[in-house]
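Reproduced below: entry.csv, with CSV, C-alpha atoms and all ligand atoms.
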```csv
chain,number,residue,atom,x,y,z
A,1,MET,CA,-238.1,-217.1,69.3
A,2,GLU,CA,-236.6,-220.6,69.8
A,3,PHE,CA,-233.1,-221.4,71.3
A,4,ASN,CA,-231.2,-224.5,72.0
A,5,ILE,CA,-229.5,-224.4,75.4
A,6,ALA,CA,-226.8,-226.8,76.5
A,7,LEU,CA,-226.9,-227.4,80.3
A,8,VAL,CA,-223.7,-228.5,82.0
A,9,PRO,CA,-224.7,-228.8,85.6
A,10,GLY,CA,-221.4,-230.4,86.7
A,11,ASP,CA,-220.6,-231.4,90.3
A,12,GLY,CA,-221.5,-230.5,93.9
A,13,ILE,CA,-224.3,-227.9,94.0
A,14,GLY,CA,-224.2,-227.5,90.2
A,15,PRO,CA,-227.2,-229.7,89.5
A,16,GLU,CA,-229.4,-228.0,92.2
A,17,ILE,CA,-228.7,-224.4,91.0
A,18,VAL,CA,-229.0,-225.3,87.3
A,19,GLY,CA,-232.2,-227.2,88.0
A,20,GLY,CA,-233.7,-224.1,89.7
A,21,THR,CA,-232.5,-221.8,86.9
A,22,VAL,CA,-234.2,-223.9,84.2
A,23,LYS,CA,-237.5,-223.4,86.0
A,24,VAL,CA,-237.0,-219.7,86.0
A,25,MET,CA,-236.1,-219.8,82.3
A,26,GLU,CA,-239.1,-221.9,81.4
A,27,SER,CA,-241.3,-219.5,83.3
A,28,VAL,CA,-239.9,-216.5,81.3
A,29,ALA,CA,-240.1,-218.4,78.0
A,30,GLU,CA,-243.8,-219.0,78.6
A,31,LYS,CA,-244.5,-215.5,79.6
A,32,PHE,CA,-242.8,-213.9,76.6
A,33,GLY,CA,-243.7,-216.6,74.1
A,34,HIS,CA,-240.3,-218.2,73.5
A,35,LYS,CA,-239.2,-221.8,73.3
A,36,PHE,CA,-236.0,-223.0,75.1
A,37,ASN,CA,-234.9,-226.5,74.2
A,38,PHE,CA,-232.6,-227.8,77.0
A,39,SER,CA,-230.1,-230.7,76.5
A,40,THR,CA,-228.0,-231.8,79.5
A,41,TYR,CA,-224.3,-232.9,79.2
A,42,LEU,CA,-221.8,-234.1,81.8
A,43,ALA,CA,-218.5,-232.3,82.4
A,44,GLY,CA,-216.1,-232.3,85.4
A,45,GLY,CA,-216.0,-234.9,88.1
A,46,CYS,CA,-219.3,-236.6,87.1
A,47,ALA,CA,-217.9,-237.0,83.6
A,48,ILE,CA,-214.7,-238.6,85.0
A,49,ASP,CA,-216.9,-241.1,86.8
A,50,ALA,CA,-219.1,-241.8,83.7
A,51,TYR,CA,-216.7,-241.5,80.8
A,52,GLY,CA,-213.2,-241.6,82.4
A,53,GLU,CA,-212.4,-238.1,81.3
A,54,PRO,CA,-213.5,-234.6,82.4
A,55,LEU,CA,-214.6,-233.3,79.1
A,56,PRO,CA,-216.0,-236.0,76.8
A,57,LYS,CA,-216.5,-235.4,73.1
A,58,VAL,CA,-220.3,-235.7,73.4
A,59,THR,CA,-220.3,-232.7,75.7
A,60,VAL,CA,-218.0,-230.6,73.5
A,61,ASP,CA,-220.1,-231.4,70.4
A,62,GLY,CA,-223.4,-230.7,72.3
A,63,CYS,CA,-222.1,-227.3,73.4
A,64,LEU,CA,-220.7,-226.4,70.0
A,65,ALA,CA,-224.1,-227.3,68.5
A,66,SER,CA,-226.0,-225.1,71.0
A,67,ASP,CA,-227.0,-221.5,70.9
A,68,SER,CA,-225.5,-221.0,74.4
A,69,VAL,CA,-224.3,-223.0,77.4
A,70,LEU,CA,-225.4,-222.7,81.1
A,71,LEU,CA,-222.9,-224.2,83.4
A,72,GLY,CA,-223.2,-224.9,87.1
A,73,ALA,CA,-219.8,-225.7,88.6
A,74,VAL,CA,-217.2,-228.5,88.5
A,75,GLY,CA,-214.9,-230.2,90.9
A,76,GLY,CA,-214.9,-231.6,94.4
A,77,PRO,CA,-212.6,-233.5,96.9
A,78,LYS,CA,-213.5,-236.8,95.3
A,79,TRP,CA,-211.3,-235.8,92.3
A,80,ASP,CA,-208.7,-233.8,94.0
A,81,HIS,CA,-206.1,-236.5,93.6
A,82,VAL,CA,-206.5,-237.3,89.9
A,83,PRO,CA,-203.5,-236.1,87.7
A,84,GLY,CA,-203.4,-232.4,86.7
A,85,ASN,CA,-204.5,-233.0,83.1
A,86,MET,CA,-207.5,-235.1,84.1
A,87,ARG,CA,-208.8,-232.8,86.8
A,88,PRO,CA,-212.5,-231.7,86.7
A,89,GLU,CA,-211.4,-228.0,86.2
A,90,LYS,CA,-209.9,-229.1,82.8
A,91,ALA,CA,-213.5,-229.4,81.6
A,92,LEU,CA,-214.1,-225.8,82.3
A,93,LEU,CA,-210.9,-224.6,80.8
A,94,GLY,CA,-211.4,-226.9,77.8
A,95,LEU,CA,-214.9,-225.6,77.1
A,96,ARG,CA,-213.8,-222.0,77.3
A,97,LYS,CA,-211.0,-222.7,74.8
A,98,VAL,CA,-213.0,-224.9,72.4
A,99,LEU,CA,-215.9,-222.4,72.3
A,100,GLY,CA,-213.4,-219.5,71.8
A,101,LEU,CA,-214.7,-217.6,74.8
A,102,TYR,CA,-211.9,-215.1,75.4
A,103,THR,CA,-213.9,-212.4,77.2
A,104,ASN,CA,-215.3,-213.1,80.6
A,105,LEU,CA,-217.6,-210.5,82.1
A,106,ARG,CA,-218.0,-210.6,85.9
A,107,PRO,CA,-220.2,-207.8,87.2
A,108,ALA,CA,-220.0,-207.0,90.9
A,109,VAL,CA,-222.7,-204.7,92.2
A,110,ILE,CA,-224.0,-203.9,95.7
A,111,GLN,CA,-227.6,-204.8,95.8
A,112,PRO,CA,-229.2,-202.0,97.8
A,113,ALA,CA,-231.3,-204.5,99.8
A,114,LEU,CA,-228.1,-206.3,100.8
A,115,ALA,CA,-226.1,-203.4,102.2
A,116,ASP,CA,-226.1,-205.2,105.5
A,117,ALA,CA,-224.2,-208.2,104.0
A,118,CYS,CA,-221.6,-205.9,102.5
A,119,VAL,CA,-218.2,-206.3,104.3
A,120,LEU,CA,-217.0,-202.7,103.5
A,121,ARG,CA,-216.9,-199.9,106.1
A,122,PRO,CA,-220.4,-198.3,106.0
A,123,ASP,CA,-219.1,-194.9,104.7
A,124,ILE,CA,-217.3,-196.7,101.8
A,125,ALA,CA,-220.3,-198.9,101.1
A,126,ALA,CA,-222.6,-195.9,101.1
A,127,LYS,CA,-220.8,-194.6,98.0
A,128,GLY,CA,-222.1,-197.6,96.0
A,129,PHE,CA,-220.2,-200.1,93.9
A,130,ASP,CA,-221.0,-201.2,90.4
A,131,LEU,CA,-218.0,-202.7,88.7
A,132,MET,CA,-217.5,-204.9,85.7
A,133,ILE,CA,-214.4,-207.1,85.6
A,134,VAL,CA,-213.5,-208.1,82.0
A,135,ARG,CA,-211.2,-211.0,82.4
A,136,GLU,CA,-209.2,-212.5,79.5
A,137,LEU,CA,-210.2,-216.2,79.5
A,138,THR,CA,-208.4,-218.3,77.0
A,139,GLY,CA,-204.7,-217.2,77.4
A,140,GLY,CA,-202.0,-216.3,79.8
A,141,ILE,CA,-200.6,-218.6,82.5
A,142,TYR,CA,-203.8,-220.8,82.4
A,143,PHE,CA,-202.9,-222.1,78.9
A,144,GLY,CA,-199.1,-221.5,78.7
A,145,GLU,CA,-196.5,-224.1,78.6
A,146,ARG,CA,-196.0,-225.9,81.9
A,147,GLY,CA,-194.0,-228.8,83.3
A,148,ARG,CA,-191.5,-230.2,85.7
A,149,ASN,CA,-187.9,-231.1,85.4
A,150,GLU,CA,-186.8,-234.7,85.3
A,151,ALA,CA,-186.0,-234.9,88.9
A,152,GLY,CA,-189.5,-233.6,89.7
A,153,ASP,CA,-188.1,-231.0,92.2
A,154,ALA,CA,-188.8,-227.9,90.0
A,155,ALA,CA,-191.8,-226.9,88.0
A,156,PHE,CA,-192.8,-224.0,85.8
A,157,ASP,CA,-196.0,-222.3,84.3
A,158,THR,CA,-195.7,-219.7,81.6
A,159,GLU,CA,-197.5,-216.4,81.2
A,160,ALA,CA,-197.7,-215.5,77.5
A,161,TYR,CA,-199.8,-213.0,75.6
A,162,SER,CA,-199.9,-211.8,72.0
A,163,VAL,CA,-201.0,-208.4,70.8
A,164,ALA,CA,-203.9,-210.0,69.1
A,165,GLU,CA,-205.1,-211.7,72.3
A,166,ILE,CA,-204.8,-208.5,74.3
A,167,GLU,CA,-206.5,-206.3,71.6
A,168,ARG,CA,-209.6,-208.4,71.3
A,169,VAL,CA,-210.3,-208.5,75.1
A,170,ALA,CA,-209.5,-204.8,75.4
A,171,ARG,CA,-211.9,-204.0,72.6
A,172,SER,CA,-214.6,-205.9,74.5
A,173,ALA,CA,-213.8,-203.8,77.6
A,174,PHE,CA,-213.9,-200.5,75.8
A,175,GLU,CA,-217.2,-201.4,74.1
A,176,ILE,CA,-218.7,-202.3,77.4
A,177,ALA,CA,-217.4,-199.2,79.1
A,178,ARG,CA,-219.1,-197.1,76.4
A,179,LYS,CA,-222.4,-198.5,77.6
A,180,ARG,CA,-221.6,-197.8,81.2
A,181,ARG,CA,-219.6,-194.9,82.6
A,182,SER,CA,-216.9,-194.8,79.9
A,183,HIS,CA,-214.0,-195.6,82.2
A,184,VAL,CA,-211.6,-198.5,81.8
A,185,THR,CA,-208.9,-199.4,84.3
A,186,SER,CA,-206.3,-201.8,82.9
A,187,VAL,CA,-204.8,-203.9,85.6
A,188,ASP,CA,-201.4,-205.4,85.2
A,189,LYS,CA,-198.0,-205.9,86.9
A,190,ALA,CA,-196.0,-203.9,84.4
A,191,ASN,CA,-193.4,-203.0,87.0
A,192,VAL,CA,-192.2,-206.6,86.9
A,193,LEU,CA,-193.7,-208.7,84.0
A,194,GLU,CA,-192.9,-208.3,80.3
A,195,THR,CA,-196.4,-209.6,79.3
A,196,SER,CA,-197.8,-206.8,81.4
A,197,ARG,CA,-195.7,-204.2,79.6
A,198,LEU,CA,-197.0,-205.5,76.3
A,199,TRP,CA,-200.5,-205.5,77.8
A,200,ARG,CA,-200.3,-201.9,78.8
A,201,GLU,CA,-198.8,-200.7,75.5
A,202,THR,CA,-201.4,-202.5,73.5
A,203,VAL,CA,-204.4,-201.3,75.6
A,204,HIS,CA,-203.2,-197.7,75.3
A,205,ARG,CA,-202.6,-197.9,71.6
A,206,LEU,CA,-206.1,-199.2,71.1
A,207,GLY,CA,-207.6,-196.7,73.5
A,208,GLU,CA,-205.9,-193.7,71.8
A,209,THR,CA,-206.7,-194.8,68.3
A,210,GLU,CA,-210.2,-196.3,68.6
A,211,TYR,CA,-211.7,-195.2,71.9
A,212,PRO,CA,-210.4,-191.7,72.7
A,213,ASP,CA,-213.8,-191.0,74.3
A,214,VAL,CA,-213.2,-193.6,77.0
A,215,THR,CA,-211.1,-192.6,80.0
A,216,LEU,CA,-208.3,-195.1,80.4
A,217,ASP,CA,-206.0,-195.6,83.4
A,218,ASP,CA,-203.7,-198.3,84.7
A,219,MET,CA,-203.2,-199.9,88.0
A,220,TYR,CA,-200.8,-202.5,89.3
A,221,VAL,CA,-202.7,-205.6,90.4
A,222,ASP,CA,-201.6,-205.4,94.1
A,223,ASN,CA,-202.8,-201.8,94.3
A,224,ALA,CA,-206.1,-202.8,92.5
A,225,ALA,CA,-206.7,-205.5,95.1
A,226,MET,CA,-206.4,-202.8,97.8
A,227,GLN,CA,-208.5,-200.2,96.0
A,228,ILE,CA,-211.4,-202.6,95.5
A,229,ILE,CA,-211.7,-202.6,99.3
A,230,ARG,CA,-210.6,-199.0,99.9
A,231,ALA,CA,-212.4,-197.1,97.1
A,232,PRO,CA,-214.5,-199.4,95.0
A,233,SER,CA,-216.6,-196.6,93.6
A,234,PHE,CA,-213.5,-195.5,91.6
A,235,PHE,CA,-214.0,-198.4,89.2
A,236,ASP,CA,-216.2,-198.8,86.2
A,237,VAL,CA,-214.7,-201.5,84.0
A,238,ILE,CA,-211.5,-203.4,84.9
A,239,VAL,CA,-209.7,-205.2,82.1
A,240,THR,CA,-207.1,-207.7,83.0
A,241,SER,CA,-205.4,-211.0,82.4
A,242,ASN,CA,-206.8,-214.5,83.0
A,243,MET,CA,-205.1,-215.1,86.4
A,244,PHE,CA,-205.4,-211.5,87.8
A,245,GLY,CA,-209.1,-211.5,86.8
A,246,ASP,CA,-209.7,-214.8,88.5
A,247,ILE,CA,-208.3,-213.4,91.8
A,248,LEU,CA,-209.8,-209.9,91.6
A,249,SER,CA,-213.3,-211.3,90.7
A,250,ASP,CA,-213.5,-213.4,93.9
A,251,GLU,CA,-212.4,-210.4,95.9
A,252,ALA,CA,-215.0,-208.1,94.2
A,253,SER,CA,-217.7,-210.7,94.7
A,254,GLN,CA,-217.1,-211.0,98.4
A,255,VAL,CA,-217.0,-207.2,98.8
A,256,THR,CA,-220.6,-207.2,97.5
A,257,GLY,CA,-221.7,-209.5,100.3
A,258,SER,CA,-221.9,-213.0,98.8
A,259,ILE,CA,-220.2,-215.0,96.1
A,260,GLY,CA,-223.6,-216.6,95.8
A,261,LEU,CA,-225.0,-213.6,94.0
A,262,LEU,CA,-222.5,-213.1,91.2
A,263,ALA,CA,-223.1,-214.1,87.6
A,264,SER,CA,-220.7,-214.3,84.7
A,265,ALA,CA,-220.8,-214.4,80.9
A,266,SER,CA,-218.0,-215.8,78.7
A,267,LEU,CA,-218.1,-214.5,75.1
A,268,GLY,CA,-216.2,-214.8,71.9
A,269,GLU,CA,-216.7,-213.8,68.3
A,270,THR,CA,-220.1,-215.4,67.9
A,271,THR,CA,-223.3,-215.0,69.9
A,272,ARG,CA,-222.8,-218.4,71.5
A,273,GLY,CA,-221.6,-217.8,75.1
A,274,MET,CA,-221.2,-219.8,78.3
A,275,TYR,CA,-222.9,-218.5,81.4
A,276,GLU,CA,-222.0,-219.6,84.9
A,277,PRO,CA,-222.0,-218.4,88.5
A,278,ILE,CA,-218.6,-217.3,89.6
A,279,HIS,CA,-218.7,-219.5,92.7
A,280,GLY,CA,-217.6,-223.1,92.7
A,281,SER,CA,-219.2,-226.5,93.4
A,282,ALA,CA,-219.4,-226.0,97.2
A,283,PRO,CA,-219.2,-229.8,97.9
A,284,ASP,CA,-219.7,-229.1,101.7
A,285,ILE,CA,-223.3,-228.0,101.1
A,286,ALA,CA,-224.1,-230.1,98.1
A,287,GLY,CA,-227.4,-232.1,98.3
A,288,LYS,CA,-228.6,-230.2,101.3
A,289,ASP,CA,-230.7,-227.7,99.4
A,290,LEU,CA,-228.8,-224.8,100.9
A,291,ALA,CA,-227.1,-223.4,97.8
A,292,ASN,CA,-228.2,-219.9,96.7
A,293,PRO,CA,-229.5,-220.2,93.1
A,294,ILE,CA,-229.3,-216.4,92.5
A,295,ALA,CA,-225.9,-216.3,90.8
A,296,THR,CA,-227.0,-219.0,88.3
A,297,ILE,CA,-230.4,-217.3,87.7
A,298,LEU,CA,-228.6,-214.0,87.0
A,299,SER,CA,-226.2,-215.8,84.7
A,300,ALA,CA,-229.3,-217.0,82.7
A,301,ALA,CA,-230.4,-213.4,82.6
A,302,MET,CA,-227.0,-212.5,81.1
A,303,MET,CA,-227.5,-215.2,78.5
A,304,LEU,CA,-230.8,-213.7,77.4
A,305,ARG,CA,-229.2,-210.2,77.3
A,306,TYR,CA,-225.9,-210.9,75.6
A,307,SER,CA,-226.5,-214.0,73.4
A,308,PHE,CA,-230.2,-213.9,72.6
A,309,ASP,CA,-230.7,-210.1,72.6
A,310,LEU,CA,-233.7,-210.5,74.9
A,311,ALA,CA,-233.1,-207.4,77.1
A,312,ALA,CA,-236.7,-207.1,78.4
A,313,GLU,CA,-236.7,-210.7,79.5
A,314,ALA,CA,-233.3,-210.3,81.2
A,315,ASP,CA,-234.5,-207.1,83.0
A,316,PHE,CA,-237.6,-209.0,84.1
A,317,ILE,CA,-235.5,-211.7,85.8
A,318,GLU,CA,-233.1,-209.2,87.3
A,319,LYS,CA,-236.0,-207.2,88.7
A,320,ALA,CA,-237.7,-210.3,90.2
A,321,VAL,CA,-234.4,-211.2,92.0
A,322,ALA,CA,-234.0,-207.6,93.3
A,323,ASP,CA,-237.6,-207.5,94.4
A,324,VAL,CA,-237.4,-210.8,96.3
A,325,LEU,CA,-234.2,-209.6,98.1
A,326,ALA,CA,-235.9,-206.2,98.8
A,327,ALA,CA,-238.8,-208.0,100.4
A,328,GLY,CA,-236.3,-209.5,102.8
A,329,TRP,CA,-236.0,-213.1,101.6
A,330,ARG,CA,-232.6,-214.5,102.2
A,331,THR,CA,-230.7,-217.8,101.8
A,332,ALA,CA,-228.2,-219.0,104.4
A,333,ASP,CA,-225.2,-217.3,102.8
A,334,ILE,CA,-226.8,-213.8,102.8
A,335,LYS,CA,-228.8,-213.9,106.0
A,336,ALA,CA,-228.4,-211.0,108.4
A,337,PRO,CA,-226.1,-211.7,111.4
A,338,GLY,CA,-228.3,-213.3,114.1
A,339,ALA,CA,-231.3,-214.1,111.7
A,340,GLU,CA,-233.0,-217.3,112.7
A,341,THR,CA,-234.8,-218.2,109.6
A,342,TRP,CA,-233.9,-218.3,105.9
A,343,LEU,CA,-234.9,-220.0,102.7
A,344,SER,CA,-233.5,-223.2,101.2
A,345,GLY,CA,-232.1,-223.0,97.7
A,346,SER,CA,-235.4,-224.4,96.2
A,347,GLY,CA,-237.3,-222.0,98.5
A,348,MET,CA,-235.5,-219.1,97.0
A,349,THR,CA,-236.2,-220.4,93.5
A,350,GLU,CA,-239.9,-220.6,94.4
A,351,LYS,CA,-239.9,-217.0,95.7
A,352,ILE,CA,-238.4,-215.8,92.4
A,353,LEU,CA,-240.9,-217.9,90.4
A,354,GLU,CA,-243.7,-216.3,92.4
A,355,GLN,CA,-242.3,-212.9,91.7
A,356,LEU,CA,-242.2,-213.7,88.0
A,357,GLY,CA,-245.9,-214.6,88.2
A,358,LYS,CA,-244.9,-218.3,87.5
B,1,LIG,C1,-213.3,-219.4,88.0
B,1,LIG,C2,-212.7,-220.6,88.6
B,1,LIG,C3,-211.9,-221.4,87.6
B,1,LIG,C4,-210.8,-220.5,87.1
B,1,LIG,C5,-211.3,-222.7,88.1
B,1,LIG,C6,-212.4,-223.6,88.7
B,1,LIG,C7,-210.5,-223.4,87.1
B,1,LIG,O1,-212.0,-220.3,89.7
B,1,LIG,O2,-214.1,-219.6,87.0
B,1,LIG,O3,-213.0,-218.3,88.4
B,1,LIG,O4,-209.8,-220.3,87.7
B,1,LIG,O5,-211.0,-219.9,86.0
B,2,MG,MG,-212.1,-218.2,90.2
```
If you convert what's in this file into structure tokens, what do you get?
Ligand code: IPM
Ligand code: MG
Amino acid sequence: MEFNIALVPGDGIGPEIVGGTVKVMESVAEKFGHKFNFSTYLAGGCAIDAYGEPLPKVTVDGCLASDSVLLGAVGGPKWDHVPGNMRPEKALLGLRKVLGLYTNLRPAVIQPALADACVLRPDIAAKGFDLMIVRELTGGIYFGERGRNEAGDAAFDTEAYSVAEIERVARSAFEIARKRRSHVTSVDKANVLETSRLWRETVHRLGETEYPDVTLDDMYVDNAAMQIIRAPSFFDVIVTSNMFGDILSDEASQVTGSIGLLASASLGETTRGMYEPIHGSAPDIAGKDLANPIATILSAAMMLRYSFDLAAEADFIEKAVADVLAAGWRTADIKAPGAETWLSGSGMTEKILEQLGK
């Protein structure tokens, strides 16, 4: 099979981790007889420097014309002082919106080989942890009306959700739960927010009418933040709004041991998705070959699984990563306390390529 993949490496460590991931994808393509055609586009701070805007039209057009997008990360201190509507992050939000990617899947799993990197109490970690956060990605406070008053001494951002927006992401969550342990926890703040009350009503109506076989419960977001640490094995699928999902997914990733390991998939109505690590551009370590490429490599595996329907190829990459970790190889972010050696980012990519049989 042949696929056209848009690469958006972005800023900071983005180019390093996307570069390593392309090698992994090329190795898999060769092994399984596929052809991946890569085209690279600028977005974020590098696009501000090159084009004067974070998301130039050539990037949007290239992504719209692709079969899927692999993104590294955007942003950095160099662009921290540009006006809000020109920030590098605008590129990310703009791509999600223009590609119609309203469902964001963020799996958080404890890799057995990395139990020592897990920050949970050992008796809690021993129960395991395999959670899928389904985050709404193109609505809510991220895209609501915002502004300042004339005097500039007051500002507002608006959380808004329609039934249709809630239904489509909830449907994704129920469908995914059916392929897992058939348990959805809907996270909201319905004791305070009207959008959350609509969220809860809508998710329940959908659950009762279309997914009676899936267990559905609700949790307030503050309690969910606590339970992810206290009893993570309770969760199977969490479905939640854009901002709550942003926050809980960072928490869940750190609970697994390293934010450098977690992949994500953003999906809409078509098979074209955008795949990216959930971590940021880490400007402090950019250019030092320290960044862990695993989250991006696992994001590529998700692309093969969810957009291209290449499950065996995705399994192959995921197994290679698990085997390399099981063999004890570590990058700086996941090394055991006191360890004196670890792999560079490119060294980790090499190990994974070796495991794939190159
Ligand atoms: C994420 C990031 C982004 C978000 C930022 C960079 C805009 O934190 O993908 O989780 O908040 O969605
Ligand atoms: Mg985030």
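Using only C-alpha atoms, the smallest distance between any of A:Gly280, A:Pro293, A:Pro337, A:Gly144 and Val321 in chain A comes from A:Pro293.
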Do you have, as a tab-separated table, the list of residues of chain A lying at most 6 Å from ligand LIG 1 (chain B), each with its nearest atom pair and that distance in Å to one decimal, counting only C-alpha atoms and all ligand atoms and ordered by chain then number?
```
residue	atom	partner	partner_atom	distance
A:Glu89	CA	B:LIG1	C7	4.8
A:Asp246	CA	B:LIG1	O3	4.8
A:Ile278	CA	B:LIG1	O2	5.7
```
Hey, which bits of chain A sit within 9 Å of ligand MG 2 (chain B), and for each residue what's the closest pair of atoms and how far apart in Å (one decimal), counting all atoms listed in the file, rows by chain and increasing number, as a Markdown table?
```
| residue | atom | partner | partner_atom | distance |
| --- | --- | --- | --- | --- |
| A:Met243 | CA | B:MG2 | MG | 8.5 |
| A:Gly245 | CA | B:MG2 | MG | 8.1 |
| A:Asp246 | CA | B:MG2 | MG | 4.5 |
| A:Ile247 | CA | B:MG2 | MG | 6.3 |
| A:Leu248 | CA | B:MG2 | MG | 8.7 |
| A:Ser249 | CA | B:MG2 | MG | 7.0 |
| A:Asp250 | CA | B:MG2 | MG | 6.2 |
| A:Ile278 | CA | B:MG2 | MG | 6.6 |
| A:His279 | CA | B:MG2 | MG | 7.2 |
| A:Gly280 | CA | B:MG2 | MG | 7.8 |
```
Choose the residue, out of A:Gln111, A:Ser66, A:Thr202, A:Asn242, that has the smallest atom-to-atom separation from Leu262 in chain A; count only C-alpha atoms. A:Gln111
Two-atom distance - CA of Arg178 in chain A, CA of Ala295 in chain A (Å): 24.9 Å
Top pick for closest residue to Lys179 in chain A, considering A:Asp123, A:Asp153, A:Glu194, A:Asp213 and counting all atoms listed in the file: A:Asp213
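Counting from CA of Ser68 in chain A, the distance to CA of Glu251 in chain A is 27.3 Å.
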